[in-house]
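Visitor: After the structure tokens below, expect a handful of questions from me.
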Amino acid sequence: MNDLKSQASRTAVAGKPGGLNTEIQSRIGHQLRAMYDDVVRQGVPDRFVELIRKLDGPVPPDDSGSGSASNTNDGRD
Amino acid sequence: MPLTDSLRDDILATVPSLRAFAISLSGNADRADDLVQETMLRAIANIDSFQPGSNLPAWLFTILRNLFRSDYRKRRREVEDADGNYAKTLKTQPAQSAHLEFEEFRVALDKLPQDQREALILVGASGFSYEDAATICGCAVGTIKSRVNRARSKLAAMLYVDGAEDFGPDETVRAVMGGSGG
């Protein structure tokens, strides 16, 4: 993720004479990650844990896939 | 490949960043979670096409992005959400002092063209390489690079140099460069 910053210092961003300075670039990078990480830190909501437990492997699209879709593991708890 | 327990774990481990990406795209937490759920269903239904040892997060992000794009064409993004409902959807509110800046950033991000916004998020927040981001978006690496650069440039213009019209070009350059004009 640090390459955002180094990228910023290397790349004079088009459209502005002289490019954007490193401080602005790093502020953008910082805010972007702050916003994103705010959600990441919420972890995995229960509904997704439940969902993945319930799901079995791929359902064959054409042949006898109606009743038992579980051709995979049964070692899950 | 079969859906092993470790693959389930790996998919779950990607959920937090999938949600963050989905919220960034859709601007709406409920819709984002629906997108993530749909992504998981699609991924597992198509797990046969996942190459073991390849980049699972990139594969999942690709599915989510494609779902969002097809959904997006059907119903337009709810514009009112750009104005501040986003923060309310978060469980963790940003600190009060940072709140305004956070909101401004969110609104500015929302104004970017979708191509640029997703490129910037994938590279700048999700931490994907330009190559992975290009794979996820189905375009060339150079295209991702230019989208990211344009996105940064526009954000900077919106957030940090939007007094530009008042100053005139010379002042703007001097302000951006930190002084020493001629």
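Letters A, B, ... go to the chains of the structure tokens in the order shown; residues in each chain start at 1; ligands are counted from 1 in the same order.
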With a cut-off of 8 Å, could you pull out the residues of chain B touching chain A and give me the nearest pair of atoms for each, distance in Å to one decimal, using only C-alpha atoms, ordered by chain and ascending number, as a tab-separated table?

Guide:
```
residue	atom	partner	partner_atom	distance
B:Pro2	CA	A:Thr72	CA	5.9
B:Leu3	CA	A:Gly57	CA	5.2
B:Thr4	CA	A:Asn73	CA	6.5
B:Asp5	CA	A:Arg76	CA	6.7
B:Arg8	CA	A:Ile52	CA	6.7
B:Leu12	CA	A:Val44	CA	7.1
B:Ala13	CA	A:Val44	CA	7.7
B:Val15	CA	A:Val44	CA	6.1
B:Pro16	CA	A:Val40	CA	4.6
B:Ser17	CA	A:Val40	CA	5.4
B:Arg19	CA	A:Val39	CA	7.0
B:Ala20	CA	A:Val39	CA	5.2
B:Phe21	CA	A:Tyr36	CA	7.4
B:Ser24	CA	A:Tyr36	CA	7.6
B:Gln37	CA	A:Phe48	CA	7.1
B:Met40	CA	A:Ile52	CA	7.8
B:Leu41	CA	A:Leu55	CA	7.9
B:Ile44	CA	A:Pro58	CA	6.0
B:Ala45	CA	A:Pro58	CA	4.4
B:Asn46	CA	A:Pro58	CA	6.0
B:Ile47	CA	A:Pro58	CA	6.2
B:Asp48	CA	A:Pro58	CA	6.9
B:Leu90	CA	A:Val39	CA	7.2
B:Lys91	CA	A:Gln42	CA	7.5
B:Thr92	CA	A:Asp38	CA	6.8
B:Phe102	CA	A:Gln31	CA	7.2
B:Phe105	CA	A:Gln31	CA	7.2
B:Ile121	CA	A:Leu32	CA	7.3
B:Val123	CA	A:Leu4	CA	7.7
B:Gly124	CA	A:Leu4	CA	6.0
B:Ala125	CA	A:Arg33	CA	4.9
B:Ser126	CA	A:Tyr36	CA	7.8
B:Gly127	CA	A:Met1	CA	5.2
B:Asn149	CA	A:Val13	CA	5.9
B:Arg150	CA	A:Ala14	CA	7.0
B:Arg152	CA	A:Gln25	CA	7.3
B:Ser153	CA	A:Val13	CA	6.0
B:Leu155	CA	A:Ile28	CA	7.6
B:Ala156	CA	A:Ile24	CA	6.8
B:Tyr160	CA	A:Ile24	CA	7.4
B:Val173	CA	A:Pro17	CA	6.5
B:Val176	CA	A:Asn21	CA	6.5
B:Met177	CA	A:Asn21	CA	6.5
```

Visitor: For Pro113 of chain B, please output as a list in words all residues within 12 Å (counting only C-alpha atoms; exclusion window: fewer than 4 positions along the same chain).

Guide: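 That gives Leu25, Ala108, Leu109, Arg117, Glu118, Ala119, Leu120, Arg147, Val148, Arg150, Ala151, Arg152, Lys154 and Leu155 of chain B.
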
Visitor: Output the selection as a PDB file, in the first residue's frame - C-alpha atoms for each residue.

Guide:
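result-v4.pdb, freshly written:
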```
ATOM      1  CA  LEU B  25     -18.831   1.287  -5.276  1.00  0.00           C
ATOM      2  CA  ALA B 108     -15.716  13.991  -3.793  1.00  0.00           C
ATOM      3  CA  LEU B 109     -14.983  10.318  -4.349  1.00  0.00           C
ATOM      4  CA  ARG B 117     -13.279   5.485  -8.695  1.00  0.00           C
ATOM      5  CA  GLU B 118     -12.971   1.725  -8.831  1.00  0.00           C
ATOM      6  CA  ALA B 119      -9.415   1.893 -10.155  1.00  0.00           C
ATOM      7  CA  LEU B 120      -8.375   4.241  -7.376  1.00  0.00           C
ATOM      8  CA  ARG B 147      -7.530   6.126 -14.416  1.00  0.00           C
ATOM      9  CA  VAL B 148      -5.828   6.175 -11.042  1.00  0.00           C
ATOM     10  CA  ARG B 150      -6.924  11.072 -13.242  1.00  0.00           C
ATOM     11  CA  ALA B 151      -8.865  10.091 -10.143  1.00  0.00           C
ATOM     12  CA  ARG B 152      -6.162  11.466  -7.852  1.00  0.00           C
ATOM     13  CA  LYS B 154      -9.636  15.229  -9.736  1.00  0.00           C
ATOM     14  CA  LEU B 155      -9.870  14.501  -6.038  1.00  0.00           C
TER      15      LEU B 155
END
```

Visitor: Tell me which protein, DNA and RNA residues are within 8 Å of segment 56-67 of chain B, counting only C-alpha atoms, leaving out same-chain ones fewer than 4 positions away, and put them as a list in words.

Guide: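 Once the adjacent positions are removed, what remains is Asp10, Ile11, Thr14, Leu18, Ala22, Leu35, Val36, Glu38, Thr39, Met40, Arg42, Ala43, Phe50, Asp71, Asp132, Ala133, Thr135, Ile136 and Cys137 of chain B.
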
Visitor: Just the selected residues (C-alpha atoms), exported as an mmCIF file, in the first residue's frame, please.

Guide:
```cif
data_model
loop_
_atom_site.group_PDB
_atom_site.id
_atom_site.type_symbol
_atom_site.label_atom_id
_atom_site.label_comp_id
_atom_site.auth_asym_id
_atom_site.auth_seq_id
_atom_site.Cartn_x
_atom_site.Cartn_y
_atom_site.Cartn_z
ATOM 1 C CA ASP B 10 -10.271 -18.001 2.532
ATOM 2 C CA ILE B 11 -13.508 -16.704 1.071
ATOM 3 C CA THR B 14 -11.933 -11.794 1.980
ATOM 4 C CA LEU B 18 -15.206 -7.208 -0.362
ATOM 5 C CA ALA B 22 -18.825 -2.866 -2.374
ATOM 6 C CA LEU B 35 -23.626 -7.593 -3.444
ATOM 7 C CA VAL B 36 -21.221 -9.471 -1.212
ATOM 8 C CA GLU B 38 -24.449 -12.532 -4.324
ATOM 9 C CA THR B 39 -20.707 -12.635 -4.936
ATOM 10 C CA MET B 40 -20.292 -15.513 -2.508
ATOM 11 C CA ARG B 42 -21.714 -16.935 -7.570
ATOM 12 C CA ALA B 43 -18.218 -17.791 -6.449
ATOM 13 C CA PHE B 50 -11.216 -21.007 -9.787
ATOM 14 C CA ASP B 71 -26.834 -4.145 -11.558
ATOM 15 C CA ASP B 132 -4.413 -7.323 -10.562
ATOM 16 C CA ALA B 133 -6.584 -4.228 -10.801
ATOM 17 C CA THR B 135 -7.482 -8.098 -14.438
ATOM 18 C CA ILE B 136 -10.361 -7.238 -12.120
ATOM 19 C CA CYS B 137 -11.547 -4.428 -14.370
#
```

Visitor: How far is it from atom CA of Lys145 of chain B to atom CA of Leu159 of chain B, in Å with one decimal?

Guide: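 Straight-line distance from atom CA of Lys145 of chain B to atom CA of Leu159 of chain B works out to 21.0 Å.
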
Visitor: Name the residues of segment 15-157 of chain B that fall into alpha helix (DSSP H) according to DSSP on the backbone, using the chain letters and numbers of this document, as an mmCIF file with N, CA and C atoms, in the first residue's frame.

Guide:
```cif
data_model
loop_
_atom_site.group_PDB
_atom_site.id
_atom_site.type_symbol
_atom_site.label_atom_id
_atom_site.label_comp_id
_atom_site.auth_asym_id
_atom_site.auth_seq_id
_atom_site.Cartn_x
_atom_site.Cartn_y
_atom_site.Cartn_z
ATOM 1 N N VAL B 15 -14.146 -11.421 2.921
ATOM 2 C CA VAL B 15 -15.410 -10.689 3.069
ATOM 3 C C VAL B 15 -15.236 -9.243 3.556
ATOM 4 N N PRO B 16 -14.419 -8.985 4.575
ATOM 5 C CA PRO B 16 -14.299 -7.586 5.012
ATOM 6 C C PRO B 16 -13.859 -6.634 3.904
ATOM 7 N N SER B 17 -12.886 -7.041 3.092
ATOM 8 C CA SER B 17 -12.468 -6.120 2.037
ATOM 9 C C SER B 17 -13.451 -6.111 0.874
ATOM 10 N N LEU B 18 -14.146 -7.227 0.653
ATOM 11 C CA LEU B 18 -15.206 -7.208 -0.362
ATOM 12 C C LEU B 18 -16.293 -6.207 0.027
ATOM 13 N N ARG B 19 -16.627 -6.184 1.313
ATOM 14 C CA ARG B 19 -17.648 -5.235 1.784
ATOM 15 C C ARG B 19 -17.175 -3.799 1.606
ATOM 16 N N ALA B 20 -15.923 -3.579 1.956
ATOM 17 C CA ALA B 20 -15.392 -2.216 1.821
ATOM 18 C C ALA B 20 -15.413 -1.776 0.360
ATOM 19 N N PHE B 21 -15.046 -2.685 -0.511
ATOM 20 C CA PHE B 21 -15.075 -2.379 -1.944
ATOM 21 C C PHE B 21 -16.509 -2.134 -2.402
ATOM 22 N N ALA B 22 -17.427 -2.984 -1.962
ATOM 23 C CA ALA B 22 -18.825 -2.866 -2.374
ATOM 24 C C ALA B 22 -19.441 -1.565 -1.878
ATOM 25 N N ILE B 23 -19.107 -1.176 -0.662
ATOM 26 C CA ILE B 23 -19.630 0.097 -0.144
ATOM 27 C C ILE B 23 -19.043 1.260 -0.927
ATOM 28 N N SER B 24 -17.765 1.157 -1.233
ATOM 29 C CA SER B 24 -17.144 2.218 -2.026
ATOM 30 C C SER B 24 -17.813 2.359 -3.386
ATOM 31 N N LEU B 25 -18.187 1.237 -3.963
ATOM 32 C CA LEU B 25 -18.831 1.287 -5.276
ATOM 33 C C LEU B 25 -20.261 1.773 -5.194
ATOM 34 N N SER B 26 -21.006 1.228 -4.255
ATOM 35 C CA SER B 26 -22.451 1.457 -4.261
ATOM 36 C C SER B 26 -22.864 2.618 -3.366
ATOM 37 N N ALA B 29 -24.620 0.673 2.376
ATOM 38 C CA ALA B 29 -24.159 -0.515 3.094
ATOM 39 C C ALA B 29 -25.073 -1.722 2.886
ATOM 40 N N ASP B 30 -26.357 -1.494 2.841
ATOM 41 C CA ASP B 30 -27.269 -2.627 2.660
ATOM 42 C C ASP B 30 -27.093 -3.257 1.287
ATOM 43 N N ARG B 31 -27.017 -2.390 0.318
ATOM 44 C CA ARG B 31 -26.822 -2.896 -1.032
ATOM 45 C C ARG B 31 -25.467 -3.562 -1.164
ATOM 46 N N ALA B 32 -24.506 -3.018 -0.470
ATOM 47 C CA ALA B 32 -23.164 -3.593 -0.507
ATOM 48 C C ALA B 32 -23.186 -5.020 0.033
ATOM 49 N N ASP B 33 -23.892 -5.216 1.130
ATOM 50 C CA ASP B 33 -23.934 -6.560 1.700
ATOM 51 C C ASP B 33 -24.683 -7.537 0.793
ATOM 52 N N ASP B 34 -25.701 -7.039 0.119
ATOM 53 C CA ASP B 34 -26.377 -7.891 -0.860
ATOM 54 C C ASP B 34 -25.422 -8.275 -1.988
ATOM 55 N N LEU B 35 -24.614 -7.316 -2.399
ATOM 56 C CA LEU B 35 -23.626 -7.593 -3.444
ATOM 57 C C LEU B 35 -22.621 -8.644 -2.992
ATOM 58 N N VAL B 36 -22.203 -8.516 -1.739
ATOM 59 C CA VAL B 36 -21.221 -9.471 -1.212
ATOM 60 C C VAL B 36 -21.844 -10.868 -1.144
ATOM 61 N N GLN B 37 -23.082 -10.916 -0.696
ATOM 62 C CA GLN B 37 -23.756 -12.212 -0.612
ATOM 63 C C GLN B 37 -23.889 -12.843 -2.001
ATOM 64 N N GLU B 38 -24.311 -12.040 -2.948
ATOM 65 C CA GLU B 38 -24.449 -12.532 -4.324
ATOM 66 C C GLU B 38 -23.096 -12.995 -4.873
ATOM 67 N N THR B 39 -22.058 -12.259 -4.513
ATOM 68 C CA THR B 39 -20.707 -12.635 -4.936
ATOM 69 C C THR B 39 -20.322 -14.004 -4.390
ATOM 70 N N MET B 40 -20.630 -14.223 -3.115
ATOM 71 C CA MET B 40 -20.292 -15.513 -2.508
ATOM 72 C C MET B 40 -21.071 -16.647 -3.175
ATOM 73 N N LEU B 41 -22.331 -16.406 -3.449
ATOM 74 C CA LEU B 41 -23.140 -17.443 -4.100
ATOM 75 C C LEU B 41 -22.588 -17.775 -5.484
ATOM 76 N N ARG B 42 -22.278 -16.716 -6.232
ATOM 77 C CA ARG B 42 -21.714 -16.935 -7.570
ATOM 78 C C ARG B 42 -20.378 -17.649 -7.496
ATOM 79 N N ALA B 43 -19.560 -17.210 -6.561
ATOM 80 C CA ALA B 43 -18.218 -17.791 -6.449
ATOM 81 C C ALA B 43 -18.309 -19.277 -6.165
ATOM 82 N N ILE B 44 -19.186 -19.623 -5.240
ATOM 83 C CA ILE B 44 -19.256 -21.025 -4.845
ATOM 84 C C ILE B 44 -19.911 -21.861 -5.927
ATOM 85 N N ALA B 45 -20.894 -21.283 -6.608
ATOM 86 C CA ALA B 45 -21.508 -22.006 -7.724
ATOM 87 C C ALA B 45 -20.510 -22.244 -8.849
ATOM 88 N N LEU B 56 -7.225 -15.542 -5.042
ATOM 89 C CA LEU B 56 -8.644 -15.649 -4.682
ATOM 90 C C LEU B 56 -9.309 -14.287 -4.481
ATOM 91 N N PRO B 57 -8.683 -13.372 -3.723
ATOM 92 C CA PRO B 57 -9.320 -12.054 -3.596
ATOM 93 C C PRO B 57 -9.584 -11.389 -4.946
ATOM 94 N N ALA B 58 -8.612 -11.461 -5.847
ATOM 95 C CA ALA B 58 -8.807 -10.828 -7.155
ATOM 96 C C ALA B 58 -9.975 -11.483 -7.897
ATOM 97 N N TRP B 59 -10.080 -12.788 -7.765
ATOM 98 C CA TRP B 59 -11.183 -13.509 -8.418
ATOM 99 C C TRP B 59 -12.529 -13.064 -7.837
ATOM 100 N N LEU B 60 -12.602 -12.967 -6.522
ATOM 101 C CA LEU B 60 -13.848 -12.553 -5.865
ATOM 102 C C LEU B 60 -14.192 -11.095 -6.191
ATOM 103 N N PHE B 61 -13.178 -10.249 -6.193
ATOM 104 C CA PHE B 61 -13.413 -8.838 -6.535
ATOM 105 C C PHE B 61 -13.945 -8.708 -7.965
ATOM 106 N N THR B 62 -13.410 -9.566 -8.854
ATOM 107 C CA THR B 62 -13.877 -9.523 -10.242
ATOM 108 C C THR B 62 -15.357 -9.858 -10.313
ATOM 109 N N ILE B 63 -15.752 -10.886 -9.576
ATOM 110 C CA ILE B 63 -17.173 -11.276 -9.569
ATOM 111 C C ILE B 63 -18.019 -10.138 -9.023
ATOM 112 N N LEU B 64 -17.582 -9.568 -7.915
ATOM 113 C CA LEU B 64 -18.367 -8.492 -7.298
ATOM 114 C C LEU B 64 -18.484 -7.290 -8.228
ATOM 115 N N ARG B 65 -17.374 -6.950 -8.826
ATOM 116 C CA ARG B 65 -17.399 -5.792 -9.730
ATOM 117 C C ARG B 65 -18.354 -6.031 -10.895
ATOM 118 N N ASN B 66 -18.292 -7.229 -11.474
ATOM 119 C CA ASN B 66 -19.172 -7.513 -12.610
ATOM 120 C C ASN B 66 -20.640 -7.499 -12.195
ATOM 121 N N LEU B 67 -20.915 -8.020 -11.023
ATOM 122 C CA LEU B 67 -22.286 -7.974 -10.515
ATOM 123 C C LEU B 67 -22.746 -6.539 -10.351
ATOM 124 N N PHE B 68 -21.871 -5.738 -9.780
ATOM 125 C CA PHE B 68 -22.231 -4.338 -9.575
ATOM 126 C C PHE B 68 -22.476 -3.633 -10.897
ATOM 127 N N ARG B 69 -21.607 -3.901 -11.858
ATOM 128 C CA ARG B 69 -21.752 -3.231 -13.147
ATOM 129 C C ARG B 69 -23.055 -3.617 -13.829
ATOM 130 N N SER B 70 -23.428 -4.874 -13.774
ATOM 131 C CA SER B 70 -24.662 -5.266 -14.446
ATOM 132 C C SER B 70 -25.877 -4.735 -13.686
ATOM 133 N N ASP B 71 -25.765 -4.699 -12.379
ATOM 134 C CA ASP B 71 -26.834 -4.145 -11.558
ATOM 135 C C ASP B 71 -26.968 -2.646 -11.801
ATOM 136 N N TYR B 72 -25.815 -2.020 -11.928
ATOM 137 C CA TYR B 72 -25.756 -0.568 -12.091
ATOM 138 C C TYR B 72 -26.459 -0.123 -13.367
ATOM 139 N N ARG B 73 -26.299 -0.926 -14.400
ATOM 140 C CA ARG B 73 -26.929 -0.559 -15.665
ATOM 141 C C ARG B 73 -28.441 -0.573 -15.539
ATOM 142 N N LYS B 74 -28.921 -1.470 -14.694
ATOM 143 C CA LYS B 74 -30.372 -1.575 -14.546
ATOM 144 C C LYS B 74 -30.931 -0.414 -13.736
ATOM 145 N N ASN B 85 -25.484 9.941 3.802
ATOM 146 C CA ASN B 85 -26.035 8.761 4.444
ATOM 147 C C ASN B 85 -24.974 7.695 4.628
ATOM 148 N N TYR B 86 -23.943 7.812 3.845
ATOM 149 C CA TYR B 86 -22.892 6.804 3.907
ATOM 150 C C TYR B 86 -22.339 6.644 5.323
ATOM 151 N N ALA B 87 -22.002 7.746 5.943
ATOM 152 C CA ALA B 87 -21.381 7.674 7.263
ATOM 153 C C ALA B 87 -22.326 7.028 8.272
ATOM 154 N N LYS B 88 -23.616 7.276 8.107
ATOM 155 C CA LYS B 88 -24.574 6.696 9.041
ATOM 156 C C LYS B 88 -24.649 5.188 8.906
ATOM 157 N N THR B 89 -24.274 4.695 7.752
ATOM 158 C CA THR B 89 -24.360 3.258 7.555
ATOM 159 C C THR B 89 -23.202 2.525 8.230
ATOM 160 N N GLN B 96 -15.186 12.860 15.573
ATOM 161 C CA GLN B 96 -15.900 14.093 15.248
ATOM 162 C C GLN B 96 -15.028 15.084 14.493
ATOM 163 N N SER B 97 -13.813 15.222 14.935
ATOM 164 C CA SER B 97 -12.930 16.208 14.315
ATOM 165 C C SER B 97 -12.660 15.868 12.854
ATOM 166 N N ALA B 98 -12.617 14.595 12.575
ATOM 167 C CA ALA B 98 -12.302 14.183 11.214
ATOM 168 C C ALA B 98 -13.559 14.044 10.367
ATOM 169 N N HIS B 99 -14.699 14.222 11.021
ATOM 170 C CA HIS B 99 -15.952 13.878 10.363
ATOM 171 C C HIS B 99 -16.196 14.688 9.093
ATOM 172 N N LEU B 100 -16.005 15.980 9.203
ATOM 173 C CA LEU B 100 -16.295 16.841 8.063
ATOM 174 C C LEU B 100 -15.402 16.514 6.877
ATOM 175 N N GLU B 101 -14.137 16.350 7.183
ATOM 176 C CA GLU B 101 -13.187 16.044 6.119
ATOM 177 C C GLU B 101 -13.527 14.706 5.476
ATOM 178 N N PHE B 102 -13.925 13.764 6.326
ATOM 179 C CA PHE B 102 -14.320 12.443 5.858
ATOM 180 C C PHE B 102 -15.504 12.547 4.903
ATOM 181 N N GLU B 103 -16.485 13.325 5.302
ATOM 182 C CA GLU B 103 -17.672 13.517 4.474
ATOM 183 C C GLU B 103 -17.317 14.154 3.142
ATOM 184 N N GLU B 104 -16.498 15.179 3.227
ATOM 185 C CA GLU B 104 -16.089 15.854 1.993
ATOM 186 C C GLU B 104 -15.386 14.892 1.055
ATOM 187 N N PHE B 105 -14.554 14.074 1.651
ATOM 188 C CA PHE B 105 -13.809 13.122 0.838
ATOM 189 C C PHE B 105 -14.758 12.146 0.164
ATOM 190 N N ARG B 106 -15.695 11.657 0.956
ATOM 191 C CA ARG B 106 -16.666 10.698 0.445
ATOM 192 C C ARG B 106 -17.475 11.294 -0.724
ATOM 193 N N VAL B 107 -17.894 12.509 -0.550
ATOM 194 C CA VAL B 107 -18.690 13.168 -1.591
ATOM 195 C C VAL B 107 -17.849 13.374 -2.855
ATOM 196 N N ALA B 108 -16.602 13.784 -2.647
ATOM 197 C CA ALA B 108 -15.716 13.991 -3.793
ATOM 198 C C ALA B 108 -15.469 12.674 -4.526
ATOM 199 N N LEU B 109 -15.229 11.638 -3.760
ATOM 200 C CA LEU B 109 -14.983 10.318 -4.349
ATOM 201 C C LEU B 109 -16.174 9.890 -5.193
ATOM 202 N N ASP B 110 -17.333 10.213 -4.684
ATOM 203 C CA ASP B 110 -18.565 9.848 -5.346
ATOM 204 C C ASP B 110 -18.766 10.551 -6.678
ATOM 205 N N LYS B 111 -18.127 11.686 -6.815
ATOM 206 C CA LYS B 111 -18.280 12.456 -8.053
ATOM 207 C C LYS B 111 -17.384 11.947 -9.170
ATOM 208 N N GLN B 114 -17.165 6.326 -12.577
ATOM 209 C CA GLN B 114 -17.083 5.010 -11.957
ATOM 210 C C GLN B 114 -15.784 4.276 -12.270
ATOM 211 N N ASP B 115 -15.336 4.351 -13.519
ATOM 212 C CA ASP B 115 -14.095 3.680 -13.904
ATOM 213 C C ASP B 115 -12.917 4.152 -13.066
ATOM 214 N N GLN B 116 -12.885 5.472 -12.853
ATOM 215 C CA GLN B 116 -11.763 6.037 -12.104
ATOM 216 C C GLN B 116 -11.869 5.705 -10.622
ATOM 217 N N ARG B 117 -13.087 5.762 -10.125
ATOM 218 C CA ARG B 117 -13.279 5.485 -8.695
ATOM 219 C C ARG B 117 -12.860 4.059 -8.360
ATOM 220 N N GLU B 118 -13.299 3.112 -9.166
ATOM 221 C CA GLU B 118 -12.971 1.725 -8.831
ATOM 222 C C GLU B 118 -11.470 1.467 -8.980
ATOM 223 N N ALA B 119 -10.858 2.083 -9.980
ATOM 224 C CA ALA B 119 -9.415 1.893 -10.155
ATOM 225 C C ALA B 119 -8.650 2.441 -8.948
ATOM 226 N N LEU B 120 -9.053 3.623 -8.520
ATOM 227 C CA LEU B 120 -8.375 4.241 -7.376
ATOM 228 C C LEU B 120 -8.554 3.396 -6.110
ATOM 229 N N ILE B 121 -9.735 2.892 -5.890
ATOM 230 C CA ILE B 121 -9.994 2.105 -4.688
ATOM 231 C C ILE B 121 -9.206 0.795 -4.712
ATOM 232 N N LEU B 122 -9.222 0.141 -5.861
ATOM 233 C CA LEU B 122 -8.518 -1.144 -5.951
ATOM 234 C C LEU B 122 -7.031 -0.990 -5.687
ATOM 235 N N VAL B 123 -6.445 0.061 -6.250
ATOM 236 C CA VAL B 123 -5.004 0.250 -6.111
ATOM 237 C C VAL B 123 -4.660 0.964 -4.801
ATOM 238 N N GLY B 124 -5.435 2.005 -4.499
ATOM 239 C CA GLY B 124 -5.069 2.850 -3.368
ATOM 240 C C GLY B 124 -5.582 2.375 -2.021
ATOM 241 N N TYR B 130 -1.269 -2.908 -9.896
ATOM 242 C CA TYR B 130 -1.896 -2.420 -11.116
ATOM 243 C C TYR B 130 -2.323 -3.598 -12.010
ATOM 244 N N GLU B 131 -1.505 -4.631 -12.000
ATOM 245 C CA GLU B 131 -1.799 -5.789 -12.843
ATOM 246 C C GLU B 131 -3.092 -6.481 -12.389
ATOM 247 N N ASP B 132 -3.198 -6.687 -11.076
ATOM 248 C CA ASP B 132 -4.413 -7.323 -10.562
ATOM 249 C C ASP B 132 -5.635 -6.440 -10.802
ATOM 250 N N ALA B 133 -5.466 -5.149 -10.578
ATOM 251 C CA ALA B 133 -6.584 -4.228 -10.801
ATOM 252 C C ALA B 133 -7.024 -4.273 -12.262
ATOM 253 N N ALA B 134 -6.053 -4.393 -13.159
ATOM 254 C CA ALA B 134 -6.383 -4.473 -14.581
ATOM 255 C C ALA B 134 -7.161 -5.750 -14.883
ATOM 256 N N THR B 135 -6.754 -6.834 -14.260
ATOM 257 C CA THR B 135 -7.482 -8.098 -14.438
ATOM 258 C C THR B 135 -8.911 -7.974 -13.918
ATOM 259 N N ILE B 136 -9.037 -7.382 -12.731
ATOM 260 C CA ILE B 136 -10.361 -7.238 -12.120
ATOM 261 C C ILE B 136 -11.275 -6.391 -13.005
ATOM 262 N N CYS B 137 -10.729 -5.343 -13.570
ATOM 263 C CA CYS B 137 -11.547 -4.428 -14.370
ATOM 264 C C CYS B 137 -11.593 -4.821 -15.842
ATOM 265 N N VAL B 141 -3.206 -2.599 -18.211
ATOM 266 C CA VAL B 141 -2.527 -2.018 -17.056
ATOM 267 C C VAL B 141 -2.381 -0.502 -17.220
ATOM 268 N N GLY B 142 -2.026 -0.087 -18.432
ATOM 269 C CA GLY B 142 -1.860 1.347 -18.684
ATOM 270 C C GLY B 142 -3.158 2.121 -18.470
ATOM 271 N N THR B 143 -4.257 1.467 -18.787
ATOM 272 C CA THR B 143 -5.558 2.112 -18.587
ATOM 273 C C THR B 143 -5.818 2.330 -17.103
ATOM 274 N N ILE B 144 -5.499 1.327 -16.299
ATOM 275 C CA ILE B 144 -5.669 1.457 -14.846
ATOM 276 C C ILE B 144 -4.802 2.599 -14.326
ATOM 277 N N LYS B 145 -3.563 2.631 -14.790
ATOM 278 C CA LYS B 145 -2.658 3.681 -14.309
ATOM 279 C C LYS B 145 -3.211 5.060 -14.625
ATOM 280 N N SER B 146 -3.710 5.218 -15.835
ATOM 281 C CA SER B 146 -4.186 6.560 -16.171
ATOM 282 C C SER B 146 -5.483 6.875 -15.428
ATOM 283 N N ARG B 147 -6.315 5.874 -15.202
ATOM 284 C CA ARG B 147 -7.530 6.126 -14.416
ATOM 285 C C ARG B 147 -7.197 6.533 -12.989
ATOM 286 N N VAL B 148 -6.228 5.843 -12.409
ATOM 287 C CA VAL B 148 -5.828 6.175 -11.042
ATOM 288 C C VAL B 148 -5.272 7.596 -10.982
ATOM 289 N N ASN B 149 -4.444 7.930 -11.955
ATOM 290 C CA ASN B 149 -3.869 9.276 -11.965
ATOM 291 C C ASN B 149 -4.926 10.350 -12.148
ATOM 292 N N ARG B 150 -5.865 10.074 -13.034
ATOM 293 C CA ARG B 150 -6.924 11.072 -13.242
ATOM 294 C C ARG B 150 -7.799 11.196 -12.005
ATOM 295 N N ALA B 151 -8.044 10.059 -11.362
ATOM 296 C CA ALA B 151 -8.865 10.091 -10.143
ATOM 297 C C ALA B 151 -8.185 10.919 -9.062
ATOM 298 N N ARG B 152 -6.902 10.705 -8.861
ATOM 299 C CA ARG B 152 -6.162 11.466 -7.852
ATOM 300 C C ARG B 152 -6.172 12.958 -8.163
ATOM 301 N N SER B 153 -5.949 13.213 -9.433
ATOM 302 C CA SER B 153 -5.889 14.602 -9.853
ATOM 303 C C SER B 153 -7.222 15.299 -9.609
ATOM 304 N N LYS B 154 -8.320 14.629 -9.933
ATOM 305 C CA LYS B 154 -9.636 15.229 -9.736
ATOM 306 C C LYS B 154 -9.960 15.396 -8.262
ATOM 307 N N LEU B 155 -9.615 14.388 -7.474
ATOM 308 C CA LEU B 155 -9.870 14.501 -6.038
ATOM 309 C C LEU B 155 -9.102 15.680 -5.462
ATOM 310 N N ALA B 156 -7.852 15.789 -5.860
ATOM 311 C CA ALA B 156 -7.037 16.891 -5.349
ATOM 312 C C ALA B 156 -7.646 18.226 -5.735
ATOM 313 N N ALA B 157 -8.116 18.312 -6.967
ATOM 314 C CA ALA B 157 -8.710 19.558 -7.426
ATOM 315 C C ALA B 157 -9.975 19.872 -6.622
#
```

Visitor: At what distance in Å, to one decimal, does atom CA of Glu50 of chain A lie from atom CA of Asp9 of chain B?

Guide: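 According to the coordinates, atom CA of Asp9 of chain B and atom CA of Glu50 of chain A are separated by 12.3 Å.
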
Visitor: To one decimal place in Å, what is the distance between atom CA of Met158 of chain B and atom CA of Leu112 of chain B?

Guide: 10.1 Å
